[in-house]
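Peer 1: Here's a structure for you.
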Amino acid sequence: MGDTLEFNEIYQESKGSWNDGRLRFSKQNLVYKSSKTGKVDNIPAAELSQATWRRVCLGHGIKLATSTGHVYKYDGFRDTDYERISEFFKANYKVELTEKDMCVKGWNWGTAKFSGPLLSFDVNDSSVFEIPLASVSQCATGKNEVMLEFHQNDDAEVSLMEVRFYVPPGPVDEGADPVEAFAANVLSKADVIQATGDAVCVFKELQCLTPRGRYDILIYPAFLHLHGKTFDYKIPYTTVLRLFLLPHKDQRQMFFVISLDPPIKQGQTRYHFLILLFSKEEELSLTLNMSEEEVEKRYEGKLSKNMSGSLYEMVSRVMKALVNRKITVPGNFQGNTPGAQCITCSYKAQSGLLYPLERGFIYVHKPPVHLRFEEISCVNFARGTTTTRSFDFEVETKQGNQFTFSSIEREEYGKLFDFVNAKKLNIKNRGFKEKKGMKSKNNEYSDSDEDQHDAYLERMKAEGKIREEGDGSNDSDEETDESFNPGEESDVAEEYDSNASESGSGGDGSDDEGKNKPAKKAKVVKEKRDRKPRKEKKQKDTNAPKRPMSSYMLWLNSSRERIKSENPGISITEISKKAGEMWKQIGKDDKEGWDRKAEEAKKNYEKAMKEYRENGGGSSTPAKNERKKKAGGKKEDKKAGGKKRKSDGGEKEKEQGGNDSFKSREFISSEESSSDGERKKAKKAKGKPKSKGKESEEEEEVMTTPPSSEEDSD
């Protein structure tokens, strides 16, 4: 067996909620660290006096009692862990791990036993339930009754708020009242805040950022009392997790931060951090309300009766001695500003300061955020959303939460990157600094995008490529859209217009419009041609022989009427279901008979199909001949339409050429043959101009020619 035993996902109950963590048994001590708060329980091996193995709601659990009167309970073990833990306790702690079963009778009367910080309710020497007295917030008595109220935990889905015990009256001879004795035992260990006696010291009118306002802080031996004009808060020292002393960036002020779990409440608002702001120039002379002997005995030299110095030093020194917690200060990190140990940034639209610590990050002040390195999954240096003069620092936790600290000056990048790299945190875009060969720390976020890796752009490119591949497989036959570029010539005229070269050379604007219109029409015609024609439905030949039916269908046709008669009012779908069930129940011999009938029908079909094809059926059916005629007619129409468009285009060009090609309506309707002959002669002349005399004679002939009878009838 090794020197240590470690277990993951071990749970500890805290005011009605389960917090997971890691438990380690070693020869020197037992250490449990909560994953949620980071709080550590350190139990020296010499103080361990009793260990109990019990079956609980989360598998199996261990209850540990120490010689100092503390009790620790950890759940989440498997049944197979008992032998390993029992042998380890015998070998290293000389403590027997005893098994004890819980009472599950469901009785509501028994014996109440006070053992250290626990109230145990037992039935026949077996524990039914245990109440940690530290969770009790109030204790009230009545006639033969004691009422316990509990602290509410916001993380718990269901909270136990009150329990009442009926205490039967004792013998008359005994002078002590059993109800009062019961309440006294509860209050001796309960977390009930009672201001008995005077405060150890008082700090007047301290500036508090969260909750906002000025408060008088009264220091009592067991709790901290904040007294303001509107609200009062009493904070037990047991709820204090950590203390921070942080210098402001202006080097003239100091932040004193107290981390709380559970938080203090103001209506529906929860304050997990108490933040005090001090000026370095404020001085204070402090006298404790205790004798020198009491101070020396209780605080072992950490405090003295008379002290003087800076105000923030006095407050931090007193809090450290009373809470018995170490004060966390910034480490070796130095920002771009000389002497500054923090970075100016924004979180959730509020400007604040980010402090890189030795074991985490803390952001003050609105809202305060504390992130431990052990709960950080990865960090990311992202480009600023509004300007390239700043960048964003993203922190992602193992629980999936993401914190983005934005608007950090780019001069801070080098210092922050070196700090994160030294702490061996996982960086998403690692290699950005090494691979790109940055020339200087001030040019990390320059305006040029050529030497920078844009993760968002790369992701968009990849998604676009996948989308194009998907669209290409579905719409391969369709034309792709063309982008509009102002100032560039369209490709339509070059591809479809027969007179594209002439449109670019001189001529009036009206001529260009007349030549561009046929080009647009030609494009539409080509798009229509590229579309695949719809498949026409095949027309069945009524003379063709019908396909043979299967054995099941032959049986169904013969049995359909019988099924209807046996089941009156049955629907069509129910007939099919009933027939399927009946077909499964038919014997093998009957099915073979129907199979033979199906084979015979198949042979008859093949024979009839052969005769049908020999008589000219199948290959040259009237329907196919009709489709061929239609297809041939369409081709001829397309050819005729093409010739017609060409002739129409030529006539339009001649009509737009001038007065030479103009003909009056009367002349065209009456003398078509003569006008055609003159038009042919004009073509043979190859553009030779006519004399004015001939033109006038032709016009006179046109006007003097009488209209035909057809025109009169119109």
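Each chain in the structure tokens gets a letter, A, B, ..., in the order shown, and its residues are numbered from 1; ligands are numbered from 1 in order too.
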Leaving out Leu357 in chain A and any residue of its chain fewer than 5 positions from it, which residues lie within 8 Å of it when counting only C-alpha atoms, given as an MDAnalysis selection string?
Peer 2: chainID A and resid 329:331 333 362
Peer 1: Can you tell me, as a PyMOL selection string, what residues are no more than 12 Å from Asp177 in chain A when counting only C-alpha atoms, ignoring any on the same chain fewer than 6 positions away?
Peer 2: chain A and resi 141-145+167-171+183-184
Peer 1: Since we have the selection now, will you write its residues out, keeping C-alpha atoms, as a PDB file, in the first residue's frame?
Peer 2:
```pdb
ATOM      1  CA  THR A 141     -38.670  27.870  23.032  1.00  0.00           C
ATOM      2  CA  GLY A 142     -42.324  27.335  23.882  1.00  0.00           C
ATOM      3  CA  LYS A 143     -44.340  25.162  26.194  1.00  0.00           C
ATOM      4  CA  ASN A 144     -42.671  21.728  25.938  1.00  0.00           C
ATOM      5  CA  GLU A 145     -41.356  22.720  22.502  1.00  0.00           C
ATOM      6  CA  VAL A 167     -39.632  17.810  24.807  1.00  0.00           C
ATOM      7  CA  PRO A 168     -41.727  15.925  27.408  1.00  0.00           C
ATOM      8  CA  PRO A 169     -41.704  17.388  30.932  1.00  0.00           C
ATOM      9  CA  GLY A 170     -39.205  15.882  33.360  1.00  0.00           C
ATOM     10  CA  PRO A 171     -39.692  14.767  36.941  1.00  0.00           C
ATOM     11  CA  ALA A 183     -32.189  25.257  24.002  1.00  0.00           C
ATOM     12  CA  ALA A 184     -29.012  26.066  25.956  1.00  0.00           C
TER      13      ALA A 184
END
```
Peer 1: Which is closer to Leu58 in chain A than all the others in A:Trp555, A:Phe89, A:Tyr11, A:Phe25, using only C-alpha atoms?
Peer 2: A:Tyr11
Peer 1: Kindly give the distance, in Å, that separates CA of Val146 in chain A and CA of Leu187 in chain A, rounded to a single decimal.
Peer 2: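 Rounded to one decimal, the two atoms are 11.6 Å apart.
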Peer 1: Mind checking DSSP for range 141-309 of chain A and telling me the strand (DSSP E) residues as number ranges by chain?
Peer 2: A: 141-142, 145-150, 162-166, 201-210, 213-219, 223-227, 232-236, 240-247, 253-266, 269-279, 283-287, 306-309
Peer 1: Quick one: residues within 8 Å of Cys201 in chain A, only C-alpha atoms, excluding same-chain residues fewer than 3 positions away - as a list in words?
Peer 2: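 Neighbouring residues, sequence-local ones excluded: Leu218, Ile219, Tyr220, Leu286, Thr287, Leu288 and Asn289 of chain A.
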Peer 1: Go ahead and dump the residues you just picked, all heavy atoms, as a short mmCIF file (atom, residue, chain, number, x, y, z; two decimals), in the first residue's frame.
Peer 2:
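The file below, selection17.cif, is the result:
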```cif
data_model
loop_
_atom_site.label_atom_id
_atom_site.label_comp_id
_atom_site.auth_asym_id
_atom_site.auth_seq_id
_atom_site.Cartn_x
_atom_site.Cartn_y
_atom_site.Cartn_z
N LEU A 218 -17.78 47.49 13.38
CA LEU A 218 -17.57 47.08 14.77
C LEU A 218 -17.00 45.66 14.76
O LEU A 218 -17.61 44.73 14.22
CB LEU A 218 -18.88 47.12 15.56
CG LEU A 218 -19.47 48.51 15.88
CD1 LEU A 218 -20.14 49.12 14.67
CD2 LEU A 218 -20.47 48.39 17.04
N ILE A 219 -15.85 45.50 15.36
CA ILE A 219 -15.15 44.22 15.37
C ILE A 219 -15.48 43.51 16.68
O ILE A 219 -15.13 43.98 17.78
CB ILE A 219 -13.63 44.41 15.24
CG1 ILE A 219 -13.30 45.23 13.99
CG2 ILE A 219 -12.93 43.06 15.21
CD1 ILE A 219 -13.65 44.55 12.70
N TYR A 220 -16.20 42.35 16.58
CA TYR A 220 -16.51 41.51 17.73
C TYR A 220 -15.64 40.25 17.66
O TYR A 220 -15.09 39.91 16.60
CB TYR A 220 -17.99 41.14 17.74
CG TYR A 220 -18.90 42.29 18.13
CD1 TYR A 220 -19.41 43.15 17.16
CD2 TYR A 220 -19.23 42.50 19.47
CE1 TYR A 220 -20.25 44.20 17.52
CE2 TYR A 220 -20.08 43.55 19.84
CZ TYR A 220 -20.57 44.39 18.84
OH TYR A 220 -21.39 45.44 19.21
N LEU A 286 -5.06 53.23 17.30
CA LEU A 286 -6.11 52.29 17.70
C LEU A 286 -5.80 51.71 19.08
O LEU A 286 -4.66 51.33 19.35
CB LEU A 286 -6.22 51.16 16.67
CG LEU A 286 -7.33 50.13 16.89
CD1 LEU A 286 -8.70 50.78 16.76
CD2 LEU A 286 -7.18 48.99 15.89
N THR A 287 -6.84 51.64 19.91
CA THR A 287 -6.73 51.03 21.24
C THR A 287 -7.79 49.95 21.35
O THR A 287 -8.99 50.23 21.19
CB THR A 287 -6.91 52.08 22.35
OG1 THR A 287 -5.92 53.11 22.21
CG2 THR A 287 -6.78 51.44 23.72
N LEU A 288 -7.38 48.73 21.63
CA LEU A 288 -8.33 47.61 21.74
C LEU A 288 -9.02 47.65 23.10
O LEU A 288 -8.43 48.02 24.12
CB LEU A 288 -7.60 46.27 21.57
CG LEU A 288 -6.86 46.05 20.24
CD1 LEU A 288 -6.25 44.66 20.22
CD2 LEU A 288 -7.80 46.23 19.06
N ASN A 289 -10.29 47.25 23.09
CA ASN A 289 -11.10 47.25 24.30
C ASN A 289 -10.88 45.96 25.08
O ASN A 289 -11.82 45.22 25.39
CB ASN A 289 -12.57 47.42 23.92
CG ASN A 289 -13.44 47.73 25.12
OD1 ASN A 289 -12.94 48.11 26.18
ND2 ASN A 289 -14.74 47.55 24.97
#
```
Peer 1: List the spatial neighbours of range 232-235 of chain A as a VMD selection string - criterion: any atom at most 12 Å away, only C-alpha atoms, same-chain residues fewer than 4 positions off excluded.
Peer 2: chain A and resid 191 to 195 211 213 to 228 239 to 241 258 to 266 271 to 274 323
Peer 1: Just list as a compact mmCIF listing (two decimals) with all heavy atoms, in the first residue's frame whatever in range 211-377 of chain A DSSP marks as alpha helix (DSSP H).
Peer 2:
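So out_18.txt came out as:
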```
# COMPACT_ATOMS: atom_id res chain seq x y z
N GLU A 292 -4.16 43.97 28.31
CA GLU A 292 -2.97 43.48 27.61
C GLU A 292 -2.81 41.97 27.78
O GLU A 292 -2.36 41.28 26.86
CB GLU A 292 -1.73 44.20 28.14
CG GLU A 292 -1.70 45.68 27.78
CD GLU A 292 -0.42 46.34 28.23
OE1 GLU A 292 0.44 45.63 28.82
OE2 GLU A 292 -0.27 47.55 28.00
N GLU A 293 -3.18 41.44 28.95
CA GLU A 293 -3.07 40.00 29.16
C GLU A 293 -4.02 39.24 28.25
O GLU A 293 -3.66 38.20 27.68
CB GLU A 293 -3.37 39.65 30.63
CG GLU A 293 -2.34 40.13 31.64
CD GLU A 293 -2.48 41.62 31.94
OE1 GLU A 293 -3.49 42.22 31.49
OE2 GLU A 293 -1.58 42.16 32.59
N GLU A 294 -5.27 39.75 28.11
CA GLU A 294 -6.24 39.07 27.23
C GLU A 294 -5.79 39.12 25.77
O GLU A 294 -5.92 38.14 25.04
CB GLU A 294 -7.61 39.73 27.37
CG GLU A 294 -8.31 39.42 28.68
CD GLU A 294 -9.67 40.10 28.76
OE1 GLU A 294 -9.79 41.25 28.29
OE2 GLU A 294 -10.60 39.47 29.28
N VAL A 295 -5.24 40.26 25.37
CA VAL A 295 -4.77 40.39 23.99
C VAL A 295 -3.64 39.41 23.73
O VAL A 295 -3.59 38.73 22.70
CB VAL A 295 -4.33 41.84 23.70
CG1 VAL A 295 -3.67 41.93 22.33
CG2 VAL A 295 -5.51 42.79 23.78
N GLU A 296 -2.72 39.32 24.66
CA GLU A 296 -1.58 38.43 24.48
C GLU A 296 -2.02 36.97 24.50
O GLU A 296 -1.51 36.14 23.73
CB GLU A 296 -0.55 38.70 25.59
CG GLU A 296 0.71 37.88 25.48
CD GLU A 296 1.53 38.25 24.25
OE1 GLU A 296 1.42 39.39 23.77
OE2 GLU A 296 2.27 37.38 23.76
N LYS A 297 -2.97 36.64 25.36
CA LYS A 297 -3.41 35.24 25.48
C LYS A 297 -4.25 34.81 24.28
O LYS A 297 -4.10 33.70 23.77
CB LYS A 297 -4.22 35.08 26.77
CG LYS A 297 -4.70 33.67 27.02
CD LYS A 297 -5.49 33.60 28.32
CE LYS A 297 -6.01 32.19 28.58
NZ LYS A 297 -6.79 32.10 29.84
N ARG A 298 -5.11 35.71 23.80
CA ARG A 298 -6.04 35.32 22.73
C ARG A 298 -5.39 35.39 21.35
O ARG A 298 -5.61 34.51 20.52
CB ARG A 298 -7.28 36.22 22.77
CG ARG A 298 -8.32 35.87 21.73
CD ARG A 298 -9.58 36.69 21.91
NE ARG A 298 -10.27 36.36 23.15
CZ ARG A 298 -11.43 36.90 23.52
NH1 ARG A 298 -12.00 37.83 22.76
NH2 ARG A 298 -12.00 36.54 24.66
N TYR A 299 -4.58 36.39 21.12
CA TYR A 299 -4.06 36.61 19.75
C TYR A 299 -2.58 36.28 19.60
O TYR A 299 -2.02 36.43 18.51
CB TYR A 299 -4.32 38.05 19.32
CG TYR A 299 -5.79 38.41 19.37
CD1 TYR A 299 -6.26 39.37 20.27
CD2 TYR A 299 -6.71 37.77 18.54
CE1 TYR A 299 -7.61 39.69 20.33
CE2 TYR A 299 -8.06 38.09 18.60
CZ TYR A 299 -8.50 39.04 19.50
OH TYR A 299 -9.83 39.36 19.58
N LEU A 311 -4.34 53.61 8.09
CA LEU A 311 -5.66 53.05 8.37
C LEU A 311 -5.83 51.68 7.74
O LEU A 311 -6.35 50.75 8.37
CB LEU A 311 -6.74 54.01 7.85
CG LEU A 311 -8.20 53.56 8.03
CD1 LEU A 311 -8.52 53.31 9.49
CD2 LEU A 311 -9.15 54.59 7.44
N TYR A 312 -5.38 51.52 6.48
CA TYR A 312 -5.55 50.21 5.82
C TYR A 312 -4.70 49.14 6.49
O TYR A 312 -5.08 47.96 6.53
CB TYR A 312 -5.22 50.33 4.32
CG TYR A 312 -3.76 50.49 3.98
CD1 TYR A 312 -2.95 49.38 3.74
CD2 TYR A 312 -3.18 51.75 3.87
CE1 TYR A 312 -1.61 49.51 3.42
CE2 TYR A 312 -1.86 51.89 3.54
CZ TYR A 312 -1.07 50.78 3.32
OH TYR A 312 0.25 50.92 3.00
N GLU A 313 -3.54 49.52 7.08
CA GLU A 313 -2.71 48.55 7.78
C GLU A 313 -3.38 48.09 9.07
O GLU A 313 -3.33 46.91 9.43
CB GLU A 313 -1.34 49.16 8.08
CG GLU A 313 -0.47 49.35 6.84
CD GLU A 313 0.87 49.92 7.19
OE1 GLU A 313 1.07 50.31 8.36
OE2 GLU A 313 1.73 50.01 6.29
N MET A 314 -4.03 49.01 9.76
CA MET A 314 -4.71 48.66 11.01
C MET A 314 -5.88 47.71 10.75
O MET A 314 -6.06 46.71 11.45
CB MET A 314 -5.22 49.93 11.71
CG MET A 314 -4.13 50.88 12.19
SD MET A 314 -3.10 50.16 13.48
CE MET A 314 -1.66 49.67 12.53
N VAL A 315 -6.69 48.02 9.73
CA VAL A 315 -7.85 47.18 9.43
C VAL A 315 -7.40 45.79 9.00
O VAL A 315 -7.93 44.76 9.47
CB VAL A 315 -8.72 47.83 8.34
CG1 VAL A 315 -9.83 46.89 7.91
CG2 VAL A 315 -9.30 49.15 8.83
N SER A 316 -6.43 45.71 8.10
CA SER A 316 -5.97 44.41 7.60
C SER A 316 -5.30 43.59 8.71
O SER A 316 -5.47 42.37 8.78
CB SER A 316 -5.00 44.61 6.44
OG SER A 316 -3.89 45.38 6.84
N ARG A 317 -4.60 44.25 9.62
CA ARG A 317 -3.92 43.53 10.71
C ARG A 317 -4.93 42.94 11.69
O ARG A 317 -4.80 41.78 12.12
CB ARG A 317 -2.96 44.49 11.42
CG ARG A 317 -2.10 43.84 12.48
CD ARG A 317 -1.11 44.85 13.04
NE ARG A 317 -0.34 44.27 14.14
CZ ARG A 317 0.56 44.96 14.85
NH1 ARG A 317 0.79 46.24 14.58
NH2 ARG A 317 1.21 44.37 15.84
N VAL A 318 -5.97 43.71 12.02
CA VAL A 318 -7.00 43.23 12.95
C VAL A 318 -7.79 42.09 12.31
O VAL A 318 -8.07 41.06 12.96
CB VAL A 318 -7.92 44.39 13.36
CG1 VAL A 318 -9.13 43.86 14.13
CG2 VAL A 318 -7.17 45.40 14.21
N MET A 319 -8.16 42.24 11.05
CA MET A 319 -8.93 41.19 10.37
C MET A 319 -8.13 39.91 10.23
O MET A 319 -8.67 38.80 10.39
CB MET A 319 -9.38 41.68 9.00
CG MET A 319 -10.46 42.76 9.03
SD MET A 319 -11.99 42.18 9.79
CE MET A 319 -12.44 40.88 8.66
N LYS A 320 -6.86 40.02 9.96
CA LYS A 320 -6.03 38.81 9.82
C LYS A 320 -5.95 38.05 11.14
O LYS A 320 -6.01 36.81 11.17
CB LYS A 320 -4.63 39.22 9.36
CG LYS A 320 -3.69 38.05 9.18
CD LYS A 320 -2.31 38.50 8.76
CE LYS A 320 -1.36 37.32 8.62
NZ LYS A 320 0.02 37.76 8.24
N ALA A 321 -5.86 38.77 12.26
CA ALA A 321 -5.75 38.11 13.56
C ALA A 321 -7.07 37.47 13.97
O ALA A 321 -7.09 36.35 14.51
CB ALA A 321 -5.29 39.11 14.61
N LEU A 322 -8.21 38.15 13.70
CA LEU A 322 -9.49 37.62 14.15
C LEU A 322 -10.01 36.51 13.24
O LEU A 322 -10.57 35.51 13.71
CB LEU A 322 -10.52 38.75 14.22
CG LEU A 322 -10.28 39.80 15.33
CD1 LEU A 322 -11.25 40.95 15.21
CD2 LEU A 322 -10.39 39.15 16.70
N VAL A 323 -9.84 36.67 11.94
CA VAL A 323 -10.35 35.67 11.00
C VAL A 323 -9.40 34.48 10.89
O VAL A 323 -9.79 33.37 10.53
CB VAL A 323 -10.57 36.32 9.61
CG1 VAL A 323 -11.05 35.30 8.60
CG2 VAL A 323 -11.57 37.45 9.71
```
Peer 1: As an exercise, work out the distance from CA of Ser67 in chain A to CA of Glu6 in chain A in Å and give it to one decimal place.
Peer 2: 23.7 Å
Peer 1: Using CA of Gly110 in chain A and CA of Val123 in chain A as the two end points, give the distance in Å to one decimal.
Peer 2: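 Pair CA of Gly110 in chain A / CA of Val123 in chain A returns 4.9 Å.
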Peer 1: Mind checking which residues fall within 6 Å of Gly360 in chain A, counting only C-alpha atoms, ignoring those fewer than 3 positions away in the same chain, and posting them as a ChimeraX atom specification?
Peer 2: /A:357,371-373
Peer 1: Could you give me, as a CSV table (one decimal) with N, CA, C and O atoms, in the first residue's frame, the residues within 10 Å of range 339-356 of chain A, counting only C-alpha atoms and dropping anything in the same chain fewer than 5 positions from it?
Peer 2:
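File produced: result_19.csv:
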```csv
chain,number,residue,atom,x,y,z
A,246,LEU,N,-4.9,45.1,-2.1
A,246,LEU,CA,-4.5,45.4,-3.5
A,246,LEU,C,-4.2,46.9,-3.6
A,246,LEU,O,-5.1,47.7,-3.3
A,247,PRO,N,-3.0,47.2,-4.1
A,247,PRO,CA,-2.7,48.7,-4.4
A,247,PRO,C,-3.4,49.2,-5.6
A,247,PRO,O,-3.5,48.5,-6.7
A,248,HIS,N,-4.0,50.4,-5.6
A,248,HIS,CA,-4.6,51.0,-6.7
A,248,HIS,C,-3.6,51.4,-7.8
A,248,HIS,O,-2.4,51.5,-7.4
A,249,LYS,N,-4.0,51.6,-9.0
A,249,LYS,CA,-3.1,51.9,-10.1
A,249,LYS,C,-2.5,53.3,-9.9
A,249,LYS,O,-1.3,53.5,-10.3
A,250,ASP,N,-3.2,54.2,-9.2
A,250,ASP,CA,-2.7,55.5,-9.0
A,250,ASP,C,-1.7,55.6,-7.9
A,250,ASP,O,-1.1,56.6,-7.6
A,251,GLN,N,-1.5,54.4,-7.2
A,251,GLN,CA,-0.5,54.3,-6.1
A,251,GLN,C,-0.7,55.3,-4.9
A,251,GLN,O,0.2,55.6,-4.2
A,329,VAL,N,-1.7,39.3,-1.5
A,329,VAL,CA,-1.2,40.5,-2.2
A,329,VAL,C,-0.7,40.2,-3.5
A,329,VAL,O,-0.4,39.0,-3.8
A,330,PRO,N,-0.6,41.2,-4.5
A,330,PRO,CA,-0.1,40.9,-5.8
A,330,PRO,C,1.3,40.4,-5.7
A,330,PRO,O,2.1,40.7,-4.8
A,331,GLY,N,1.6,39.6,-6.7
A,331,GLY,CA,3.0,38.9,-6.8
A,331,GLY,C,4.0,39.8,-7.5
A,331,GLY,O,4.1,41.0,-7.3
A,332,ASN,N,4.7,39.2,-8.4
A,332,ASN,CA,5.8,39.9,-9.1
A,332,ASN,C,5.4,40.5,-10.4
A,332,ASN,O,6.2,41.1,-11.1
A,333,PHE,N,4.1,40.5,-10.7
A,333,PHE,CA,3.7,41.1,-12.0
A,333,PHE,C,3.8,42.6,-11.9
A,333,PHE,O,3.4,43.3,-11.0
A,334,GLN,N,4.3,43.1,-13.0
A,334,GLN,CA,4.4,44.6,-13.2
A,334,GLN,C,3.8,44.9,-14.5
A,334,GLN,O,4.2,44.4,-15.6
A,361,PHE,N,-6.6,35.2,-10.7
A,361,PHE,CA,-6.8,36.6,-11.1
A,361,PHE,C,-8.0,37.1,-10.2
A,361,PHE,O,-8.9,36.4,-9.9
A,362,ILE,N,-7.9,38.5,-9.9
A,362,ILE,CA,-9.0,39.1,-9.3
A,362,ILE,C,-9.3,40.4,-10.0
A,362,ILE,O,-8.4,41.2,-10.3
A,363,TYR,N,-10.6,40.7,-10.2
A,363,TYR,CA,-11.0,41.9,-10.9
A,363,TYR,C,-11.9,42.7,-9.9
A,363,TYR,O,-12.8,42.2,-9.2
A,364,VAL,N,-11.5,44.0,-9.7
A,364,VAL,CA,-12.3,44.9,-8.9
A,364,VAL,C,-12.6,46.2,-9.7
A,364,VAL,O,-11.8,46.6,-10.6
A,365,HIS,N,-13.8,46.8,-9.6
A,365,HIS,CA,-14.6,46.4,-8.5
A,365,HIS,C,-16.0,46.1,-8.8
A,365,HIS,O,-16.8,45.7,-7.9
A,366,LYS,N,-16.5,46.3,-10.0
A,366,LYS,CA,-18.0,46.2,-10.3
A,366,LYS,C,-18.2,45.4,-11.6
A,366,LYS,O,-18.0,46.0,-12.6
A,367,PRO,N,-18.6,44.1,-11.5
A,367,PRO,CA,-18.7,43.3,-10.3
A,367,PRO,C,-17.4,42.6,-10.0
A,367,PRO,O,-16.6,42.3,-10.9
A,368,PRO,N,-17.1,42.3,-8.7
A,368,PRO,CA,-15.8,41.7,-8.4
A,368,PRO,C,-15.8,40.2,-8.9
A,368,PRO,O,-16.8,39.5,-8.9
A,369,VAL,N,-14.7,39.8,-9.4
A,369,VAL,CA,-14.5,38.4,-9.9
A,369,VAL,C,-13.2,37.9,-9.5
A,369,VAL,O,-12.2,38.6,-9.6
A,370,HIS,N,-13.2,36.7,-8.9
A,370,HIS,CA,-12.0,36.0,-8.5
A,370,HIS,C,-11.9,34.6,-9.2
A,370,HIS,O,-12.9,33.8,-9.1
A,371,LEU,N,-10.8,34.4,-9.9
A,371,LEU,CA,-10.6,33.2,-10.7
A,371,LEU,C,-9.3,32.5,-10.3
A,371,LEU,O,-8.3,33.1,-10.4
A,390,SER,N,-6.3,48.0,-28.8
A,390,SER,CA,-6.6,47.2,-27.5
A,390,SER,C,-6.9,45.8,-27.9
A,390,SER,O,-7.1,45.5,-29.1
A,391,PHE,N,-6.9,44.9,-26.9
A,391,PHE,CA,-7.2,43.5,-27.1
A,391,PHE,C,-8.1,43.0,-25.9
A,391,PHE,O,-8.2,43.7,-24.9
A,392,ASP,N,-8.6,41.9,-26.1
A,392,ASP,CA,-9.5,41.2,-25.1
A,392,ASP,C,-8.8,40.0,-24.5
A,392,ASP,O,-8.1,39.3,-25.2
A,393,PHE,N,-9.0,39.8,-23.2
A,393,PHE,CA,-8.4,38.7,-22.5
A,393,PHE,C,-9.6,37.8,-22.0
A,393,PHE,O,-10.3,38.3,-21.2
A,403,PHE,N,-15.3,34.4,-19.0
A,403,PHE,CA,-15.1,35.8,-18.6
A,403,PHE,C,-14.3,36.6,-19.6
A,403,PHE,O,-13.1,36.1,-19.8
A,404,THR,N,-14.8,37.7,-20.1
A,404,THR,CA,-14.0,38.5,-21.1
A,404,THR,C,-13.7,39.8,-20.5
A,404,THR,O,-14.6,40.6,-20.1
A,405,PHE,N,-12.4,40.1,-20.4
A,405,PHE,CA,-11.9,41.4,-19.9
A,405,PHE,C,-11.4,42.1,-21.2
A,405,PHE,O,-10.4,41.8,-21.8
A,406,SER,N,-12.1,43.2,-21.5
A,406,SER,CA,-11.9,43.9,-22.8
A,406,SER,C,-11.2,45.2,-22.6
A,406,SER,O,-11.0,45.7,-21.5
A,407,SER,N,-10.9,45.8,-23.8
A,407,SER,CA,-10.3,47.2,-23.8
A,407,SER,C,-9.0,47.3,-23.0
A,407,SER,O,-8.7,48.2,-22.3
A,408,ILE,N,-8.1,46.2,-23.1
A,408,ILE,CA,-6.8,46.3,-22.5
A,408,ILE,C,-5.8,46.9,-23.5
A,408,ILE,O,-5.8,46.5,-24.7
A,409,GLU,N,-5.0,47.8,-23.1
A,409,GLU,CA,-4.1,48.4,-24.0
A,409,GLU,C,-3.1,47.4,-24.5
A,409,GLU,O,-2.7,46.5,-23.8
A,412,GLU,N,0.2,46.3,-22.9
A,412,GLU,CA,0.1,45.3,-21.7
A,412,GLU,C,0.2,43.9,-22.2
A,412,GLU,O,0.4,43.0,-21.4
A,416,LEU,N,1.5,40.5,-19.9
A,416,LEU,CA,0.4,39.6,-19.6
A,416,LEU,C,0.7,38.2,-20.2
A,416,LEU,O,0.5,37.2,-19.5
A,419,PHE,N,3.4,36.5,-18.2
A,419,PHE,CA,2.9,36.0,-16.9
A,419,PHE,C,2.0,34.7,-17.1
A,419,PHE,O,2.2,33.8,-16.3
A,420,VAL,N,1.1,34.7,-18.1
A,420,VAL,CA,0.3,33.5,-18.3
A,420,VAL,C,1.2,32.3,-18.7
A,420,VAL,O,0.9,31.2,-18.2
```
